[in-house]
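Visitor: Take this structure, written in structure tokens, and hold onto it; I'll ask about it next.
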Amino acid sequence: MTKPLLDVHDLRVSFSVRQAGAMPWSRPRNLQAVGGVSFTLQPGETLGVVGESGCGKSTLARALIGLVPATGRAEWQDGTDLIGLSARQMMAYRSQIQMIFQDPLASLDPRMTVGQIIAEPLVTHQPGLPKAQVRDRVKAMMDRVGLLPSQINRYPHEFSGGQCQRIGIARALIVEPRLIICDEPVSALDVSIQAQVINLLMRLQADLGLSLIFIAHDLSVVRHISDRVMVLYLGKVMEIAPARDLYADPQHPYTQALLSAVPVPDPAHDPAATVVPLKGDLPSPMNPPSGCVFRTRCPRGAPRCAAEVPVLAGGRHQTACHFPGPLTPQEIARARATEAA
Amino acid sequence: MVIEHDKMRSLAARMTQPEVRGRSPWADARRRFLRNKAAMTGLVILLLVALFAIFGGQIAVWSNEELDFSVMGQVATMGQPSLENGHYFGTDDLGRDLFARTVQGTQISLLVGIVGAGIAVIVGTLYGAVAGYVGGRTDQIMMRTVDILMSIPYMFVLILLLVMFGRSMTMLFLGIGLISWLDMARIVRGQTLSLKNREFIEAARATGVSTWRIIIRHIVPNLLGVVAVYATLLVPLMILTESFISFLGLGVQEPLTSWGALISEGAGTMSYGTLWQLAFPLFFFVITLFGFFFVGDGLRDALDPKDR
């Protein structure tokens with residue numbers, strides 16, 4: 001196996017939160033958004049990251065790119081730890097790691113032309129480049145992502161959502177990065193446009209040998225694009241496996257619940273018969289449950305789950321659970337009964 | 001190879017297509033502004049007042065310092081506005097030509113208003129943008145400073161300054177400049193706070209654009225709409241402040257004059273029947289304020305169509 005492009009070990013992000021109306025001298029409380037995430041990413045690989053709202057997907061992305069302070073290790077291919085680099089040291093890696101954002105229009109400055117927007121990373125990282133050359137590269141990149149180069153002087157509000165996302169992709173690609181972090185890049189788009197953007201991303205990835213970290217809450221999109229999938233819950237990895245294995249044979253009860261909730265395009269299908277209900281809501285990350293963070297909602301919760309934190313175990317298919325394996329019909333029935341009650 | 005060749009040729013064709021001109025948010029705003037009748041009226045009035053201030057001196061028959069001895073002492077009967085003796089707006093109490101005086105007062109008042117608003121725009125925008133974008137302790141210190149400066153009764157300080165250091169234009173600019181940027185800094189900071197968490201700022205931070213460049217290239221251009229609106233409303237405010245100071249007799253000094261000083265003189269001699277001494281300066285004063293307010297309203301509607 002080649003050396004991974006990115007080797008993340010025990011990445012943690014926490015925020016200190018002061019309650020509204022608290023006294024200025026009271027101690028702020030700690031909110032752990034990402035609690036010890038480890039994974040590796042091979043060159044050219046796509047890692048899907050899924051999980052419900054508030055599980056730390058976006059925070060993980062922002063920590064990797066250095067937008068929020070984190071602890072732990074994130075080792076780049078050349079052996080440098082990206083966490084804790086100074087702003088100046090990080091500059092060299094910022095052109096290697098680029099990001100695509102969720103809201104296509106909001107991620108583009110409304111007062112700048114498309115040409116200026118796409119050129120921004122280029123002029124930031126290669127300040128000496130002549131203007132004419134920047135313009136040529138921007139035009140070539142616009143053509144590559146399926147925009148008309150003649151529209152270089154237009155403004156973001158003159159484009160549709162899908163086109164705006166293409167502009168975002170062009171901006172990310174212009175400095176020829178190795179890794180692109182996609183933070184829910186298609187969540188704000190129509191289904192038909194989603195497919196176009198996903199296919200564009202996959203084609204560009206194949207052409208340029210990019211690695212992708214693809215964050216989404218749409219499980220079918222993730223399945224389509226990812227080589228491996230990581231399931232997050234409350235800032236912790238629940239399961240990480242090759243996409244095919246994870247979808248065919250989920251081991252963690254949370255993954256099973258998540259997958260069972262994917263809508264099936266079949267009118268005869270009765271969701272009530274297959275969905276594994278989860279009781280209650282996501283616990284507050286300020287006050288996470290002891291042991292396994294999922295135990296409060298798990299259909300299979302046992303005393304051991306409260307006492308001991310499960311570690312991520314397994315070969316290619318890793319699960320962080322004391323009692324992995326498919327849920328039995330009895331367990332599902334019991335979960336449904338408690339849900340009803 | 002043929003296919004590749006075709007591909008390259010089509011790429012070249014697309015690359016050399018004439019570039020389409022974009023319609024910037026500014027161009028959109030300009031179009032909306034030009035369609036706004038009240039704002040355009042205001043703009044025309046302001047232009048006329050400005051032309052009056054610039055070229056009025058050339059039309060005047062008398063200079064602003066000459067005394068017309070033929071009307072002196074009988075201003076109420078001889079000093080009325082008349083085209084014959086060249087006193088278009090009549091004369092003041094001392095027999096000086098009121099037309100020339102009004103031209104001069106217009107120049108000074110507009111200058112005070114524009115300089116005051118200019119200081120507010122430059123200092124207030126940068127101060128507010130830095131405080132809002134940097135945030136944290138810096139923001140706390142910067143904004144508490146503004147709060148403290150605001151809590152000082154500025155008219156009192158301004159009067160003290162003028163009394164202590166003497167009445168001069170520089171002192172007046174300094175005094176007005178000191179207070180005018182505070183409100184602007186607050187408004188800009190508030191806007192910056194809502195801008196700084198937008199995704200395009202995050203995108204710029206993610207590629208490693210420096211803080212200063214983000215403020216200059218991304219924050220400030222997106223603030224300019226609000227700043228432009230507030231600045232047009234600030235100009236009349238500055239003119240009012242100066243007029244008030246001059247009305248109290250502490251503003252600009254003779255032989256210089258301003259609208260406030262002229263109105264003050266005119267009001268003083270009202271009971272002698274020389275109403276034109278009040279009417280002409282007051283007319284220019286009022287239409288200019290109206291002009292600025294209409295333009296400000298129009299700008300607000302044009303730059304932020306959602307707010308209507």
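Chain labels A, B, ... are given in the sequence in which chains occur in the structure tokens; within each chain residues are numbered consecutively from 1, and ligands are likewise numbered from 1 in the order shown.
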Using only C-alpha atoms and a distance of at most 8 Å, pull out the residues of chain A that contact chain B, as a PyMOL selection string.

Guide: chain A and resi 65-67+91+94-95+98-99+101+103+106-111+113+120-121+124+139-140+143+148-155+158

Visitor: Report as a ChimeraX atom specification: the residues of segment 73-260 of chain A with a DSSP assignment of strand (DSSP E or B), based on the backbone of this structure.

Guide: /A:73-76,81,97-100,153,179-183,211-215,228-233,236-242

Visitor: Export, as a short mmCIF file (atom, residue, chain, number, x, y, z; two decimals), in the first residue's frame, the selected residues with N, CA, C and O atoms.

Guide:
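Now in again11.cif:
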data_model
loop_
_atom_site.label_atom_id
_atom_site.label_comp_id
_atom_site.auth_asym_id
_atom_site.auth_seq_id
_atom_site.Cartn_x
_atom_site.Cartn_y
_atom_site.Cartn_z
N ARG A 73 -3.39 14.66 15.39
CA ARG A 73 -2.43 14.68 14.28
C ARG A 73 -3.18 14.58 12.97
O ARG A 73 -4.17 13.87 12.85
N ALA A 74 -2.71 15.29 11.96
CA ALA A 74 -3.20 15.10 10.60
C ALA A 74 -1.96 15.16 9.73
O ALA A 74 -1.46 16.23 9.42
N GLU A 75 -1.45 13.98 9.40
CA GLU A 75 -0.15 13.95 8.73
C GLU A 75 -0.34 13.96 7.23
O GLU A 75 -1.04 13.12 6.67
N TRP A 76 0.28 14.91 6.57
CA TRP A 76 0.27 14.99 5.12
C TRP A 76 1.26 13.98 4.57
O TRP A 76 2.08 13.44 5.31
N ASP A 81 2.81 17.45 10.05
CA ASP A 81 1.55 17.46 10.78
C ASP A 81 0.86 18.80 10.51
O ASP A 81 1.40 19.85 10.81
N ILE A 97 -4.81 21.69 -0.40
CA ILE A 97 -6.13 21.32 0.10
C ILE A 97 -7.09 22.45 -0.22
O ILE A 97 -6.87 23.59 0.21
N GLN A 98 -8.13 22.18 -0.95
CA GLN A 98 -9.11 23.21 -1.25
C GLN A 98 -10.48 22.72 -0.80
O GLN A 98 -10.65 21.54 -0.51
N MET A 99 -11.42 23.63 -0.77
CA MET A 99 -12.72 23.28 -0.23
C MET A 99 -13.84 23.75 -1.15
O MET A 99 -13.73 24.79 -1.79
N ILE A 100 -14.90 22.96 -1.21
CA ILE A 100 -16.12 23.36 -1.93
C ILE A 100 -17.22 23.46 -0.90
O ILE A 100 -17.35 22.58 -0.04
N ASN A 153 -16.69 37.79 -17.21
CA ASN A 153 -16.95 39.09 -16.57
C ASN A 153 -18.30 39.16 -15.90
O ASN A 153 -18.71 40.22 -15.44
N LEU A 179 -6.08 17.47 -2.67
CA LEU A 179 -7.24 17.04 -1.88
C LEU A 179 -8.30 18.13 -1.92
O LEU A 179 -8.00 19.31 -1.76
N ILE A 180 -9.53 17.71 -2.18
CA ILE A 180 -10.63 18.67 -2.11
C ILE A 180 -11.61 18.19 -1.07
O ILE A 180 -12.03 17.03 -1.07
N ILE A 181 -11.94 19.08 -0.16
CA ILE A 181 -12.94 18.76 0.85
C ILE A 181 -14.26 19.34 0.38
O ILE A 181 -14.37 20.55 0.17
N CYS A 182 -15.24 18.48 0.16
CA CYS A 182 -16.54 18.95 -0.32
C CYS A 182 -17.50 18.93 0.85
O CYS A 182 -17.86 17.86 1.35
N ASP A 183 -17.91 20.11 1.30
CA ASP A 183 -18.82 20.17 2.44
C ASP A 183 -20.24 20.26 1.93
O ASP A 183 -20.73 21.35 1.63
N SER A 211 -7.85 13.46 -4.48
CA SER A 211 -8.53 12.79 -3.38
C SER A 211 -9.69 13.68 -2.96
O SER A 211 -9.57 14.90 -3.02
N LEU A 212 -10.78 13.07 -2.54
CA LEU A 212 -11.93 13.86 -2.10
C LEU A 212 -12.34 13.42 -0.71
O LEU A 212 -12.33 12.23 -0.41
N ILE A 213 -12.68 14.38 0.11
CA ILE A 213 -13.43 14.07 1.33
C ILE A 213 -14.81 14.63 1.07
O ILE A 213 -14.97 15.85 0.90
N PHE A 214 -15.79 13.76 0.97
CA PHE A 214 -17.11 14.17 0.49
C PHE A 214 -18.09 14.07 1.64
O PHE A 214 -18.46 12.98 2.08
N ILE A 215 -18.51 15.22 2.13
CA ILE A 215 -19.41 15.26 3.27
C ILE A 215 -20.83 15.43 2.74
O ILE A 215 -21.07 16.26 1.87
N ARG A 228 -14.74 4.76 0.11
CA ARG A 228 -14.98 4.33 1.49
C ARG A 228 -15.91 5.34 2.15
O ARG A 228 -15.97 6.50 1.74
N VAL A 229 -16.61 4.90 3.18
CA VAL A 229 -17.57 5.77 3.85
C VAL A 229 -17.30 5.74 5.35
O VAL A 229 -17.02 4.69 5.92
N MET A 230 -17.35 6.91 5.95
CA MET A 230 -17.16 7.02 7.40
C MET A 230 -18.47 7.54 7.99
O MET A 230 -19.02 8.52 7.52
N VAL A 231 -18.96 6.86 9.01
CA VAL A 231 -20.20 7.27 9.66
C VAL A 231 -19.85 7.96 10.97
O VAL A 231 -19.16 7.38 11.81
N LEU A 232 -20.30 9.18 11.14
CA LEU A 232 -20.02 9.93 12.36
C LEU A 232 -21.28 10.03 13.20
O LEU A 232 -22.39 10.14 12.67
N TYR A 233 -21.11 10.01 14.50
CA TYR A 233 -22.22 10.27 15.41
C TYR A 233 -21.66 11.03 16.60
O TYR A 233 -20.73 10.55 17.26
N LYS A 236 -17.89 11.30 16.88
CA LYS A 236 -17.06 10.10 16.94
C LYS A 236 -17.35 9.21 15.74
O LYS A 236 -18.47 9.19 15.22
N VAL A 237 -16.32 8.46 15.31
CA VAL A 237 -16.50 7.54 14.20
C VAL A 237 -17.25 6.30 14.70
O VAL A 237 -16.85 5.68 15.68
N MET A 238 -18.35 5.96 14.05
CA MET A 238 -19.10 4.76 14.42
C MET A 238 -18.65 3.58 13.58
O MET A 238 -18.50 2.47 14.06
N GLU A 239 -18.45 3.87 12.30
CA GLU A 239 -18.11 2.79 11.39
C GLU A 239 -17.40 3.38 10.20
O GLU A 239 -17.74 4.47 9.74
N ILE A 240 -16.39 2.67 9.71
CA ILE A 240 -15.71 3.15 8.50
C ILE A 240 -15.38 1.92 7.67
O ILE A 240 -14.79 0.96 8.17
N ALA A 241 -15.83 1.93 6.42
CA ALA A 241 -15.70 0.72 5.60
C ALA A 241 -15.78 1.09 4.13
O ALA A 241 -16.26 2.17 3.78
N PRO A 242 -15.29 0.20 3.25
CA PRO A 242 -15.52 0.43 1.83
C PRO A 242 -17.01 0.58 1.57
O PRO A 242 -17.83 -0.11 2.20
#

Visitor: Within 10 Å of Ser160 of chain A, counting only C-alpha atoms, which residues show up once you throw out same-chain ones fewer than 5 positions away? Write them as a PDB file with N, CA and C atoms, in the first residue's frame, please.

Guide:
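Contents of the output file part09.pdb:
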ATOM      1  N   PRO A 104     -24.049  27.348  -2.912  1.00  0.00           N
ATOM      2  CA  PRO A 104     -23.248  27.775  -4.063  1.00  0.00           C
ATOM      3  C   PRO A 104     -23.179  29.286  -4.197  1.00  0.00           C
ATOM      4  N   LEU A 105     -24.306  29.973  -3.987  1.00  0.00           N
ATOM      5  CA  LEU A 105     -24.308  31.419  -4.206  1.00  0.00           C
ATOM      6  C   LEU A 105     -23.623  32.144  -3.051  1.00  0.00           C
ATOM      7  N   GLN A 165     -22.155  26.430  -8.391  1.00  0.00           N
ATOM      8  CA  GLN A 165     -21.352  25.373  -7.791  1.00  0.00           C
ATOM      9  C   GLN A 165     -20.181  25.016  -8.706  1.00  0.00           C
ATOM     10  N   ARG A 166     -20.393  25.099 -10.012  1.00  0.00           N
ATOM     11  CA  ARG A 166     -19.277  24.869 -10.941  1.00  0.00           C
ATOM     12  C   ARG A 166     -18.202  25.936 -10.753  1.00  0.00           C
ATOM     13  N   LEU A 189     -28.862  21.831  -4.116  1.00  0.00           N
ATOM     14  CA  LEU A 189     -29.192  21.819  -5.545  1.00  0.00           C
ATOM     15  C   LEU A 189     -30.349  20.860  -5.835  1.00  0.00           C
TER      16      LEU A 189
END

Visitor: Skip Ser63 of chain B itself and residues of its chain fewer than 5 positions away, then list as a PyMOL selection string all residues within 8 Å of it, counting only C-alpha atoms.

Guide: chain B and resi 57+97+100

Visitor: What's around segment 30-32 of chain B at 9 Å? Count only C-alpha atoms, leave out sequence neighbours fewer than 3 positions away in its own chain, and write the answer as a list in words.

Guide: Pro25, Trp26, Ala27, Arg35, Asn36, Gly298, Leu299, Asp301, Ala302, Leu303 and Pro305 of chain B

Visitor: Which polymer residues have any atom within 10 Å of an atom of segment 10-26 of chain A, counting only C-alpha atoms, with same-chain residues fewer than 4 positions away left out, as a PDB file with N, CA, C and O atoms, in the first residue's frame?

Guide:
ATOM      1  N   ASN A  30     -17.403  23.455  27.873  1.00  0.00           N
ATOM      2  CA  ASN A  30     -16.703  22.867  26.760  1.00  0.00           C
ATOM      3  C   ASN A  30     -17.664  22.101  25.865  1.00  0.00           C
ATOM      4  O   ASN A  30     -18.455  21.292  26.339  1.00  0.00           O
ATOM      5  N   LEU A  31     -17.597  22.365  24.576  1.00  0.00           N
ATOM      6  CA  LEU A  31     -18.428  21.617  23.645  1.00  0.00           C
ATOM      7  C   LEU A  31     -17.482  20.864  22.714  1.00  0.00           C
ATOM      8  O   LEU A  31     -16.714  21.488  21.966  1.00  0.00           O
ATOM      9  N   GLN A  32     -17.513  19.552  22.797  1.00  0.00           N
ATOM     10  CA  GLN A  32     -16.628  18.781  21.937  1.00  0.00           C
ATOM     11  C   GLN A  32     -17.367  18.442  20.644  1.00  0.00           C
ATOM     12  O   GLN A  32     -18.279  17.623  20.620  1.00  0.00           O
ATOM     13  N   ALA A  33     -16.953  19.115  19.563  1.00  0.00           N
ATOM     14  CA  ALA A  33     -17.647  18.919  18.288  1.00  0.00           C
ATOM     15  C   ALA A  33     -17.108  17.693  17.567  1.00  0.00           C
ATOM     16  O   ALA A  33     -17.863  16.944  16.949  1.00  0.00           O
ATOM     17  N   VAL A  34     -15.806  17.496  17.628  1.00  0.00           N
ATOM     18  CA  VAL A  34     -15.198  16.306  17.038  1.00  0.00           C
ATOM     19  C   VAL A  34     -14.367  15.668  18.140  1.00  0.00           C
ATOM     20  O   VAL A  34     -13.507  16.312  18.718  1.00  0.00           O
ATOM     21  N   GLY A  35     -14.646  14.417  18.449  1.00  0.00           N
ATOM     22  CA  GLY A  35     -14.012  13.783  19.600  1.00  0.00           C
ATOM     23  C   GLY A  35     -13.140  12.597  19.222  1.00  0.00           C
ATOM     24  O   GLY A  35     -13.526  11.448  19.400  1.00  0.00           O
ATOM     25  N   GLY A  36     -11.970  12.853  18.688  1.00  0.00           N
ATOM     26  CA  GLY A  36     -11.041  11.768  18.434  1.00  0.00           C
ATOM     27  C   GLY A  36     -11.356  10.989  17.176  1.00  0.00           C
ATOM     28  O   GLY A  36     -11.705   9.807  17.234  1.00  0.00           O
ATOM     29  N   VAL A  37     -11.251  11.634  16.026  1.00  0.00           N
ATOM     30  CA  VAL A  37     -11.516  10.964  14.752  1.00  0.00           C
ATOM     31  C   VAL A  37     -10.192  10.546  14.129  1.00  0.00           C
ATOM     32  O   VAL A  37      -9.245  11.323  14.095  1.00  0.00           O
ATOM     33  N   SER A  38     -10.117   9.295  13.677  1.00  0.00           N
ATOM     34  CA  SER A  38      -8.917   8.812  13.000  1.00  0.00           C
ATOM     35  C   SER A  38      -9.314   8.177  11.678  1.00  0.00           C
ATOM     36  O   SER A  38     -10.282   7.435  11.616  1.00  0.00           O
ATOM     37  N   PHE A  39      -8.595   8.493  10.623  1.00  0.00           N
ATOM     38  CA  PHE A  39      -8.807   7.813   9.347  1.00  0.00           C
ATOM     39  C   PHE A  39      -7.611   8.093   8.444  1.00  0.00           C
ATOM     40  O   PHE A  39      -6.793   8.971   8.732  1.00  0.00           O
ATOM     41  N   GLY A  56     -20.778  16.843  13.600  1.00  0.00           N
ATOM     42  CA  GLY A  56     -19.386  17.252  13.496  1.00  0.00           C
ATOM     43  C   GLY A  56     -18.769  17.078  12.119  1.00  0.00           C
ATOM     44  O   GLY A  56     -17.562  17.215  11.970  1.00  0.00           O
ATOM     45  N   THR A  59     -17.446  20.521  10.962  1.00  0.00           N
ATOM     46  CA  THR A  59     -16.344  20.935  11.834  1.00  0.00           C
ATOM     47  C   THR A  59     -15.085  20.149  11.510  1.00  0.00           C
ATOM     48  O   THR A  59     -13.982  20.697  11.499  1.00  0.00           O
ATOM     49  N   LEU A  60     -15.241  18.870  11.211  1.00  0.00           N
ATOM     50  CA  LEU A  60     -14.098  18.043  10.823  1.00  0.00           C
ATOM     51  C   LEU A  60     -13.426  18.646   9.588  1.00  0.00           C
ATOM     52  O   LEU A  60     -12.199  18.806   9.536  1.00  0.00           O
ATOM     53  N   ARG A  62     -13.555  21.741   8.512  1.00  0.00           N
ATOM     54  CA  ARG A  62     -12.927  23.025   8.813  1.00  0.00           C
ATOM     55  C   ARG A  62     -11.661  22.856   9.638  1.00  0.00           C
ATOM     56  O   ARG A  62     -10.732  23.663   9.531  1.00  0.00           O
ATOM     57  N   ALA A  63     -11.621  21.811  10.458  1.00  0.00           N
ATOM     58  CA  ALA A  63     -10.404  21.558  11.231  1.00  0.00           C
ATOM     59  C   ALA A  63      -9.277  21.130  10.300  1.00  0.00           C
ATOM     60  O   ALA A  63      -8.133  21.555  10.451  1.00  0.00           O
ATOM     61  N   LEU A  64      -9.590  20.286   9.312  1.00  0.00           N
ATOM     62  CA  LEU A  64      -8.543  19.798   8.414  1.00  0.00           C
ATOM     63  C   LEU A  64      -7.937  20.935   7.603  1.00  0.00           C
ATOM     64  O   LEU A  64      -6.755  20.922   7.269  1.00  0.00           O
ATOM     65  N   VAL A  68     -10.675  26.049  11.988  1.00  0.00           N
ATOM     66  CA  VAL A  68     -10.943  26.027  13.424  1.00  0.00           C
ATOM     67  C   VAL A  68      -9.780  25.303  14.093  1.00  0.00           C
ATOM     68  O   VAL A  68      -9.218  24.368  13.527  1.00  0.00           O
ATOM     69  N   PRO A  69      -9.377  25.750  15.271  1.00  0.00           N
ATOM     70  CA  PRO A  69      -8.250  25.111  15.939  1.00  0.00           C
ATOM     71  C   PRO A  69      -8.607  23.699  16.400  1.00  0.00           C
ATOM     72  O   PRO A  69      -9.711  23.455  16.881  1.00  0.00           O
ATOM     73  N   ALA A  70      -7.676  22.773  16.225  1.00  0.00           N
ATOM     74  CA  ALA A  70      -7.924  21.379  16.594  1.00  0.00           C
ATOM     75  C   ALA A  70      -6.695  20.822  17.291  1.00  0.00           C
ATOM     76  O   ALA A  70      -5.625  21.425  17.280  1.00  0.00           O
ATOM     77  N   THR A  71      -6.863  19.662  17.920  1.00  0.00           N
ATOM     78  CA  THR A  71      -5.715  18.947  18.473  1.00  0.00           C
ATOM     79  C   THR A  71      -5.665  17.568  17.838  1.00  0.00           C
ATOM     80  O   THR A  71      -6.632  17.129  17.221  1.00  0.00           O
ATOM     81  N   GLY A  72      -4.554  16.876  18.011  1.00  0.00           N
ATOM     82  CA  GLY A  72      -4.378  15.570  17.390  1.00  0.00           C
ATOM     83  C   GLY A  72      -3.361  15.659  16.273  1.00  0.00           C
ATOM     84  O   GLY A  72      -2.579  16.610  16.197  1.00  0.00           O
ATOM     85  N   ARG A  73      -3.391  14.664  15.393  1.00  0.00           N
ATOM     86  CA  ARG A  73      -2.431  14.682  14.282  1.00  0.00           C
ATOM     87  C   ARG A  73      -3.178  14.579  12.966  1.00  0.00           C
ATOM     88  O   ARG A  73      -4.167  13.869  12.855  1.00  0.00           O
ATOM     89  N   ALA A  74      -2.711  15.293  11.962  1.00  0.00           N
ATOM     90  CA  ALA A  74      -3.198  15.102  10.604  1.00  0.00           C
ATOM     91  C   ALA A  74      -1.962  15.163   9.730  1.00  0.00           C
ATOM     92  O   ALA A  74      -1.462  16.230   9.419  1.00  0.00           O
ATOM     93  N   ILE A  83      -1.882  19.955  11.798  1.00  0.00           N
ATOM     94  CA  ILE A  83      -2.513  20.564  12.963  1.00  0.00           C
ATOM     95  C   ILE A  83      -1.456  21.365  13.713  1.00  0.00           C
ATOM     96  O   ILE A  83      -0.366  20.867  13.993  1.00  0.00           O
ATOM     97  N   GLY A 235     -19.626  13.445  16.872  1.00  0.00           N
ATOM     98  CA  GLY A 235     -18.196  13.718  16.818  1.00  0.00           C
ATOM     99  C   GLY A 235     -17.305  12.497  16.882  1.00  0.00           C
ATOM    100  O   GLY A 235     -16.088  12.628  16.972  1.00  0.00           O
ATOM    101  N   LYS A 236     -17.893  11.305  16.882  1.00  0.00           N
ATOM    102  CA  LYS A 236     -17.057  10.103  16.938  1.00  0.00           C
ATOM    103  C   LYS A 236     -17.351   9.213  15.735  1.00  0.00           C
ATOM    104  O   LYS A 236     -18.468   9.195  15.218  1.00  0.00           O
ATOM    105  N   PRO A 285     -23.890  17.818  22.734  1.00  0.00           N
ATOM    106  CA  PRO A 285     -22.452  17.571  22.720  1.00  0.00           C
ATOM    107  C   PRO A 285     -21.730  18.236  23.891  1.00  0.00           C
ATOM    108  O   PRO A 285     -20.557  17.969  24.131  1.00  0.00           O
ATOM    109  N   MET A 286     -22.425  19.088  24.639  1.00  0.00           N
ATOM    110  CA  MET A 286     -21.815  19.677  25.833  1.00  0.00           C
ATOM    111  C   MET A 286     -21.768  18.651  26.948  1.00  0.00           C
ATOM    112  O   MET A 286     -20.997  18.763  27.880  1.00  0.00           O
TER     113      MET A 286
END

Visitor: Can you tell me which residues surround Val252 of chain B at a distance of at most 12 Å, considering only C-alpha atoms, apart from same-chain residues fewer than 2 positions away, and format the answer as a ChimeraX atom specification?

Guide: /B:104-105,108-109,112,162,166-173,242-250,254-262

Visitor: What does the structure give for the distance between atom CA of Ile159 of chain B and atom CA of Phe99 of chain B, in Å to one decimal?

Guide: 29.2 Å

Visitor: May I have all residues of segment 137-284 of chain B that DSSP, computed from the backbone, assigns to alpha helix (DSSP H), given as a VMD selection string?

Guide: chain B and resid 137 to 151 154 to 165 169 to 196 199 to 207 211 to 214 220 to 247 259 to 268 276 to 284
